[in-house]
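Asks: Structure below; questions to follow.
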Amino acid sequence: MHITPEVHAVRLRGANAFLIVEDRLNLIDAGLPGSRRALDHYVSTIGRSLDQLDRIVCTHGHPDHVGGARELAADSVDVLLHRDDAEAIRAGLGDVLRSPSRARLFAALSRSPLASTPLVDGQVLPLLGGLEVVHTPGHTPGSVCLWSSKEGILFSGDSLFFDGVGRTDLAGGDEKKLRASLQRRLMVLPPETRVFPGHGPFTTIEREKKTNPFMRAAR
Ligand SMILES: [Zn+2]
C-alpha cells in the first residue's frame, strides 16, 4: 500500500513493515521469521527486486520486528538496531548457550539477526531526504522512532499506537521511561506529523496529543 510514492506499508508476519522505495530499497522492521515470501511478493508487484535491498532498520529488538531480518538479509544487507536492544538479544542468546538444548539454540538463532550495526540517537539516515533516529526507550531499552521532517512522517515501532502505547511489562520495559520518551521526544514534533506504528492503524501527533493519556502534558 502506498503511503507516498516512496513509502509503502507492507504487512509482514506479525507486524507492519515499511518499504522505502528510492534508487535502492530499504526496509523498516522485518516481521517474524517467515516474512520473506510476503515481502518478495510485494516488491515484485512494484517491479522491483529484493536484490536492491540495502538496509533493514529495526525499531526495536522484539521477534516480530527483527525475526525476519536473517532470512531477508543477504550478506550485503545492513541490519540496524539500537545497541541497548542488540545487547538484550545477545544476552538472551547467552542464556540459551548456558543451558544448551539444540532446539532452544536454533530457535534463538532464527529469531535474531547475527550481526547488527548500532543505531544512535540523532543519527540521520540517508533516506526520505533525511530520516532521523529518535531514541524512545520504554517499550524496550533500545526502542527508536524514525522521523522524516521532509515527509512529515514518523515510524513509531511499538512506542506509540493509535490511541495507545506499547506494552511495558515485557523484559526491559519501563512505563515511566516510555511516558518520558513520548512527552520529551514525540509531543514536540509538528502536530500534523503522520505516525505509522508497527501494529494497527496510523494516526497523527495532533490526534494522540488530544486522546492518548501518555501524550498529555506531565501532571
Ligand atoms: Zn515490541
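A note on labels: chains of the C-alpha cells are A, B, ... as shown, every chain counts residues from 1, and ligands are counted from 1 in their shown order.
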Counting only C-alpha atoms and all ligand atoms, name the residues that have an atom within 12 Å of an atom of ligand 1; the answer should be given as an MDAnalysis selection string.

Replies: chainID A and resid 14:16 29 31:32 58:67 85 137:144 156:161 165:173 197:199

Asks: Would you mind exporting N, CA and C atoms of the selected residues as a compact mmCIF listing (two decimals), in the first residue's frame?

Replies:
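Below is the file out_2.txt, written as the result:
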# COMPACT_ATOMS: atom_id res chain seq x y z
N GLY A 14 3.14 -10.84 11.61
CA GLY A 14 3.16 -10.33 12.97
C GLY A 14 3.35 -8.84 13.13
N ALA A 15 3.65 -8.10 12.07
CA ALA A 15 3.87 -6.66 12.23
C ALA A 15 3.74 -5.93 10.89
N ASN A 16 3.48 -4.62 11.00
CA ASN A 16 3.57 -3.76 9.82
C ASN A 16 5.05 -3.49 9.56
N ASP A 29 11.67 -2.46 9.84
CA ASP A 29 11.20 -3.65 10.54
C ASP A 29 11.02 -4.85 9.60
N GLY A 31 9.35 -8.08 10.55
CA GLY A 31 8.36 -9.12 10.84
C GLY A 31 8.98 -10.34 11.51
N LEU A 32 8.12 -11.34 11.73
CA LEU A 32 8.58 -12.61 12.31
C LEU A 32 9.32 -13.42 11.24
N CYS A 58 15.64 -1.64 12.23
CA CYS A 58 14.71 -2.24 13.18
C CYS A 58 14.38 -1.22 14.27
N THR A 59 13.08 -1.01 14.52
CA THR A 59 12.68 -0.03 15.55
C THR A 59 12.99 -0.54 16.95
N HIS A 60 13.07 -1.86 17.11
CA HIS A 60 13.48 -2.45 18.39
C HIS A 60 13.72 -3.94 18.20
N GLY A 61 14.13 -4.60 19.30
CA GLY A 61 14.64 -5.96 19.15
C GLY A 61 13.64 -7.08 19.37
N HIS A 62 12.34 -6.80 19.40
CA HIS A 62 11.38 -7.90 19.59
C HIS A 62 11.29 -8.77 18.33
N PRO A 63 10.95 -10.07 18.54
CA PRO A 63 10.98 -11.02 17.42
C PRO A 63 10.08 -10.63 16.25
N ASP A 64 8.97 -9.93 16.52
CA ASP A 64 8.08 -9.55 15.40
C ASP A 64 8.61 -8.34 14.63
N HIS A 65 9.75 -7.82 15.04
CA HIS A 65 10.36 -6.68 14.31
C HIS A 65 11.74 -7.03 13.75
N VAL A 66 12.45 -7.95 14.41
CA VAL A 66 13.77 -8.35 13.89
C VAL A 66 13.78 -9.79 13.36
N GLY A 67 12.73 -10.56 13.69
CA GLY A 67 12.77 -12.01 13.41
C GLY A 67 13.00 -12.34 11.96
N ASP A 85 19.13 -2.76 22.55
CA ASP A 85 18.34 -3.95 22.21
C ASP A 85 19.22 -5.05 21.62
N PRO A 137 13.28 5.09 24.63
CA PRO A 137 13.23 3.91 25.48
C PRO A 137 11.93 3.83 26.26
N GLY A 138 11.54 2.62 26.62
CA GLY A 138 10.32 2.43 27.41
C GLY A 138 9.65 1.10 27.07
N HIS A 139 9.27 0.93 25.80
CA HIS A 139 8.74 -0.38 25.37
C HIS A 139 9.87 -1.41 25.47
N THR A 140 11.04 -1.04 24.98
CA THR A 140 12.29 -1.75 25.24
C THR A 140 13.35 -0.67 25.48
N PRO A 141 14.51 -1.05 26.05
CA PRO A 141 15.54 -0.03 26.29
C PRO A 141 16.05 0.60 24.99
N GLY A 142 16.09 -0.17 23.92
CA GLY A 142 16.66 0.32 22.67
C GLY A 142 15.63 0.69 21.62
N SER A 143 14.39 0.95 22.02
CA SER A 143 13.37 1.33 21.03
C SER A 143 13.71 2.67 20.41
N VAL A 144 13.52 2.77 19.10
CA VAL A 144 13.68 4.06 18.42
C VAL A 144 12.45 4.32 17.56
N SER A 156 6.80 4.71 14.29
CA SER A 156 6.86 4.71 15.75
C SER A 156 7.09 3.34 16.37
N GLY A 157 7.29 2.30 15.54
CA GLY A 157 7.53 0.97 16.11
C GLY A 157 6.43 0.59 17.07
N ASP A 158 6.81 0.12 18.27
CA ASP A 158 5.81 -0.22 19.29
C ASP A 158 5.79 0.82 20.41
N SER A 159 6.32 2.02 20.15
CA SER A 159 6.31 3.05 21.19
C SER A 159 4.99 3.78 21.24
N LEU A 160 4.43 4.12 20.08
CA LEU A 160 3.17 4.89 20.03
C LEU A 160 2.24 4.27 19.01
N PHE A 161 1.02 3.99 19.45
CA PHE A 161 -0.01 3.44 18.57
C PHE A 161 -1.18 4.41 18.47
N VAL A 165 -0.09 2.84 23.54
CA VAL A 165 1.37 2.72 23.54
C VAL A 165 1.72 1.24 23.69
N GLY A 166 3.01 0.95 23.48
CA GLY A 166 3.45 -0.43 23.58
C GLY A 166 3.44 -0.93 25.01
N ARG A 167 3.44 -2.25 25.14
CA ARG A 167 3.49 -2.86 26.48
C ARG A 167 4.79 -2.50 27.17
N THR A 168 4.72 -2.40 28.50
CA THR A 168 5.95 -2.17 29.24
C THR A 168 6.16 -3.28 30.27
N ASP A 169 5.39 -4.36 30.13
CA ASP A 169 5.51 -5.46 31.10
C ASP A 169 6.40 -6.59 30.57
N LEU A 170 7.05 -6.37 29.42
CA LEU A 170 7.97 -7.38 28.89
C LEU A 170 9.38 -7.03 29.38
N ALA A 171 10.31 -7.95 29.19
CA ALA A 171 11.68 -7.73 29.69
C ALA A 171 12.23 -6.39 29.22
N GLY A 172 12.73 -5.59 30.16
CA GLY A 172 13.34 -4.31 29.79
C GLY A 172 12.34 -3.18 29.64
N GLY A 173 11.04 -3.47 29.75
CA GLY A 173 10.02 -2.43 29.60
C GLY A 173 9.98 -1.53 30.82
N PRO A 197 2.64 3.14 13.09
CA PRO A 197 3.12 2.21 14.11
C PRO A 197 3.40 0.81 13.54
N GLY A 198 4.04 0.00 14.37
CA GLY A 198 4.35 -1.38 13.99
C GLY A 198 3.14 -2.29 13.98
N HIS A 199 2.05 -1.84 14.57
CA HIS A 199 0.81 -2.64 14.58
C HIS A 199 -0.37 -1.68 14.50

Asks: Give the strand (DSSP E or B) residues of chain A, as assigned by DSSP on the backbone, as a ChimeraX atom specification.

Replies: /A:2,7-12,15-21,25-28,53-57,78-82,117-119,124-125,131-135,144-148,153-157,160-161,164-165,194-197,203-204

Asks: Extract, using only C-alpha atoms, all DNA, RNA and protein residues at most 7 Å from stretch 187-193 of chain A, discarding same-chain residues fewer than 2 positions from it, and format them as a PyMOL selection string.

Replies: chain A and resi 152-154+182-185+195+204-206+209+215

Asks: Would you mind telling me which residue in A:Arg90, A:Arg48, A:His82, A:Lys150 lies nearest to A:Val133 when using only C-alpha atoms?

Replies: A:His82

Asks: Quick one: DSSP helix (DSSP H, G or I) residues in stretch 34-184 of chain A, as number ranges by chain?

Replies: A: 36-45, 50-52, 63-66, 69-72, 83-98, 102-111, 175-184

Asks: Between A:Leu128, A:Ser148, A:Leu27, A:Ala73, single out the one closest to A:Ser116, counting only C-alpha atoms.

Replies: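 Closest to A:Ser116 of all the choices is A:Ala73.
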
Asks: So the first atom is atom CA of A:Ala17 and the second is atom CA of A:Gly129; what is the distance between them in Å, to one decimal place?

Replies: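 If I compute the distance from atom CA of A:Ala17 to atom CA of A:Gly129, I get 19.4 Å.
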
Asks: Please indicate the distance in Å from atom CA of A:Ala69 to atom CA of A:Pro5, rounded to one decimal place.

Replies: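 Rounded to one decimal, the two atoms are 24.1 Å apart.
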
Asks: List as a VMD selection string the protein and nucleic acid residues near A:Ala74, meaning an atom at most 10 Å away when only C-alpha atoms are counted, but skip any in the same chain fewer than 3 places from it.

Replies: chain A and resid 50 to 51 53 to 54 69 to 71 77 to 78

Asks: How about saving the chosen residues, N, CA and C atoms kept, as a compact mmCIF listing (two decimals), in the first residue's frame?

Replies:
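Printed below is part_4.txt as written:
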# COMPACT_ATOMS: atom_id res chain seq x y z
N LEU A 50 14.25 -7.88 -4.41
CA LEU A 50 14.93 -7.84 -3.11
C LEU A 50 16.45 -7.73 -3.26
N ASP A 51 16.96 -7.97 -4.45
CA ASP A 51 18.40 -7.75 -4.69
C ASP A 51 18.77 -6.29 -4.45
N LEU A 53 17.73 -4.47 -2.01
CA LEU A 53 17.58 -4.09 -0.59
C LEU A 53 18.95 -3.77 0.03
N ASP A 54 19.07 -2.56 0.59
CA ASP A 54 20.34 -2.13 1.19
C ASP A 54 20.37 -2.31 2.70
N ALA A 69 14.69 -10.65 9.83
CA ALA A 69 15.89 -9.98 9.26
C ALA A 69 16.89 -10.99 8.71
N ARG A 70 17.06 -12.09 9.42
CA ARG A 70 18.09 -13.05 8.99
C ARG A 70 17.79 -13.59 7.58
N GLU A 71 16.52 -13.96 7.35
CA GLU A 71 16.22 -14.56 6.05
C GLU A 71 16.14 -13.51 4.94
N VAL A 77 23.28 -6.80 2.97
CA VAL A 77 22.23 -6.02 3.62
C VAL A 77 22.62 -5.72 5.06
N ASP A 78 22.57 -4.44 5.39
CA ASP A 78 22.94 -3.99 6.73
C ASP A 78 21.69 -4.05 7.62

Asks: Excluding same-chain residues fewer than 5 positions from A:Asn26, what lies within 7 Å of it counting only C-alpha atoms, as a list of chain:residue names?

Replies: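 Once the adjacent positions are removed, what remains is A:Leu19, A:Ile20, A:Val21, A:Leu53, A:Asp54, A:Arg55, A:Ile56.
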
Asks: Show me, as a PDB file with all heavy atoms, in the first residue's frame, the residues that have an atom within 8 Å of A:Arg36 when counting only C-alpha atoms, minus same-chain residues fewer than 2 positions from it.

Replies:
ATOM      1  N   PRO A  33      10.085 -14.440  11.670  1.00  0.00           N
ATOM      2  CA  PRO A  33      10.633 -15.360  10.668  1.00  0.00           C
ATOM      3  C   PRO A  33       9.492 -15.880   9.789  1.00  0.00           C
ATOM      4  O   PRO A  33       8.372 -16.080  10.271  1.00  0.00           O
ATOM      5  CB  PRO A  33      11.236 -16.486  11.521  1.00  0.00           C
ATOM      6  CG  PRO A  33      11.553 -15.846  12.840  1.00  0.00           C
ATOM      7  CD  PRO A  33      10.469 -14.802  13.044  1.00  0.00           C
ATOM      8  N   GLY A  34       9.766 -16.060   8.519  1.00  0.00           N
ATOM      9  CA  GLY A  34       8.725 -16.483   7.584  1.00  0.00           C
ATOM     10  C   GLY A  34       8.121 -15.321   6.822  1.00  0.00           C
ATOM     11  O   GLY A  34       7.151 -15.481   6.086  1.00  0.00           O
ATOM     12  N   ALA A  38       6.152 -12.771   1.797  1.00  0.00           N
ATOM     13  CA  ALA A  38       5.231 -11.636   1.651  1.00  0.00           C
ATOM     14  C   ALA A  38       5.962 -10.409   1.100  1.00  0.00           C
ATOM     15  O   ALA A  38       5.450  -9.687   0.244  1.00  0.00           O
ATOM     16  CB  ALA A  38       4.587 -11.299   3.001  1.00  0.00           C
ATOM     17  N   LEU A  39       7.182 -10.195   1.566  1.00  0.00           N
ATOM     18  CA  LEU A  39       7.940  -9.020   1.106  1.00  0.00           C
ATOM     19  C   LEU A  39       8.364  -9.203  -0.350  1.00  0.00           C
ATOM     20  O   LEU A  39       8.229  -8.292  -1.177  1.00  0.00           O
ATOM     21  CB  LEU A  39       9.171  -8.795   1.981  1.00  0.00           C
ATOM     22  CG  LEU A  39       9.943  -7.531   1.623  1.00  0.00           C
ATOM     23  CD1 LEU A  39       9.118  -6.279   1.922  1.00  0.00           C
ATOM     24  CD2 LEU A  39      11.272  -7.459   2.365  1.00  0.00           C
ATOM     25  N   ASP A  40       8.832 -10.401  -0.663  1.00  0.00           N
ATOM     26  CA  ASP A  40       9.234 -10.722  -2.028  1.00  0.00           C
ATOM     27  C   ASP A  40       8.074 -10.465  -2.983  1.00  0.00           C
ATOM     28  O   ASP A  40       8.225  -9.837  -4.036  1.00  0.00           O
ATOM     29  CB  ASP A  40       9.608 -12.211  -2.063  1.00  0.00           C
ATOM     30  CG  ASP A  40      10.757 -12.483  -2.982  1.00  0.00           C
ATOM     31  OD1 ASP A  40      11.252 -11.531  -3.605  1.00  0.00           O
ATOM     32  OD2 ASP A  40      11.160 -13.657  -3.080  1.00  0.00           O
ATOM     33  N   GLY A  68      12.439 -11.537  11.060  1.00  0.00           N
ATOM     34  CA  GLY A  68      12.587 -11.834   9.629  1.00  0.00           C
ATOM     35  C   GLY A  68      13.888 -11.342   9.042  1.00  0.00           C
ATOM     36  O   GLY A  68      14.172 -11.574   7.864  1.00  0.00           O
ATOM     37  N   GLU A  71      16.525 -13.958   7.350  1.00  0.00           N
ATOM     38  CA  GLU A  71      16.216 -14.558   6.048  1.00  0.00           C
ATOM     39  C   GLU A  71      16.143 -13.505   4.940  1.00  0.00           C
ATOM     40  O   GLU A  71      16.227 -13.832   3.766  1.00  0.00           O
ATOM     41  CB  GLU A  71      14.893 -15.329   6.136  1.00  0.00           C
ATOM     42  CG  GLU A  71      13.709 -14.424   6.359  1.00  0.00           C
ATOM     43  CD  GLU A  71      12.499 -15.158   6.935  1.00  0.00           C
ATOM     44  OE1 GLU A  71      12.662 -16.260   7.482  1.00  0.00           O
ATOM     45  OE2 GLU A  71      11.399 -14.607   6.821  1.00  0.00           O
ATOM     46  N   LEU A  72      15.971 -12.224   5.338  1.00  0.00           N
ATOM     47  CA  LEU A  72      15.907 -11.155   4.336  1.00  0.00           C
ATOM     48  C   LEU A  72      17.290 -10.610   4.029  1.00  0.00           C
ATOM     49  O   LEU A  72      17.523 -10.024   2.983  1.00  0.00           O
ATOM     50  CB  LEU A  72      15.046 -10.001   4.860  1.00  0.00           C
ATOM     51  CG  LEU A  72      13.556 -10.289   4.956  1.00  0.00           C
ATOM     52  CD1 LEU A  72      12.855  -9.174   5.701  1.00  0.00           C
ATOM     53  CD2 LEU A  72      12.974 -10.447   3.574  1.00  0.00           C
TER      54      LEU A  72
END

Asks: Using only C-alpha atoms for the distances, tell me which of A:Ile46, A:Cys145, A:Ala86, A:Ala30 is nearest to A:Glu132.

Replies: A:Cys145

Asks: With distances taken over only C-alpha atoms, which residue among A:Arg24, A:His135, A:His8, A:His41 lies nearest A:Phe196?

Replies: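 That would be A:His8, the residue with the smallest distance to A:Phe196.
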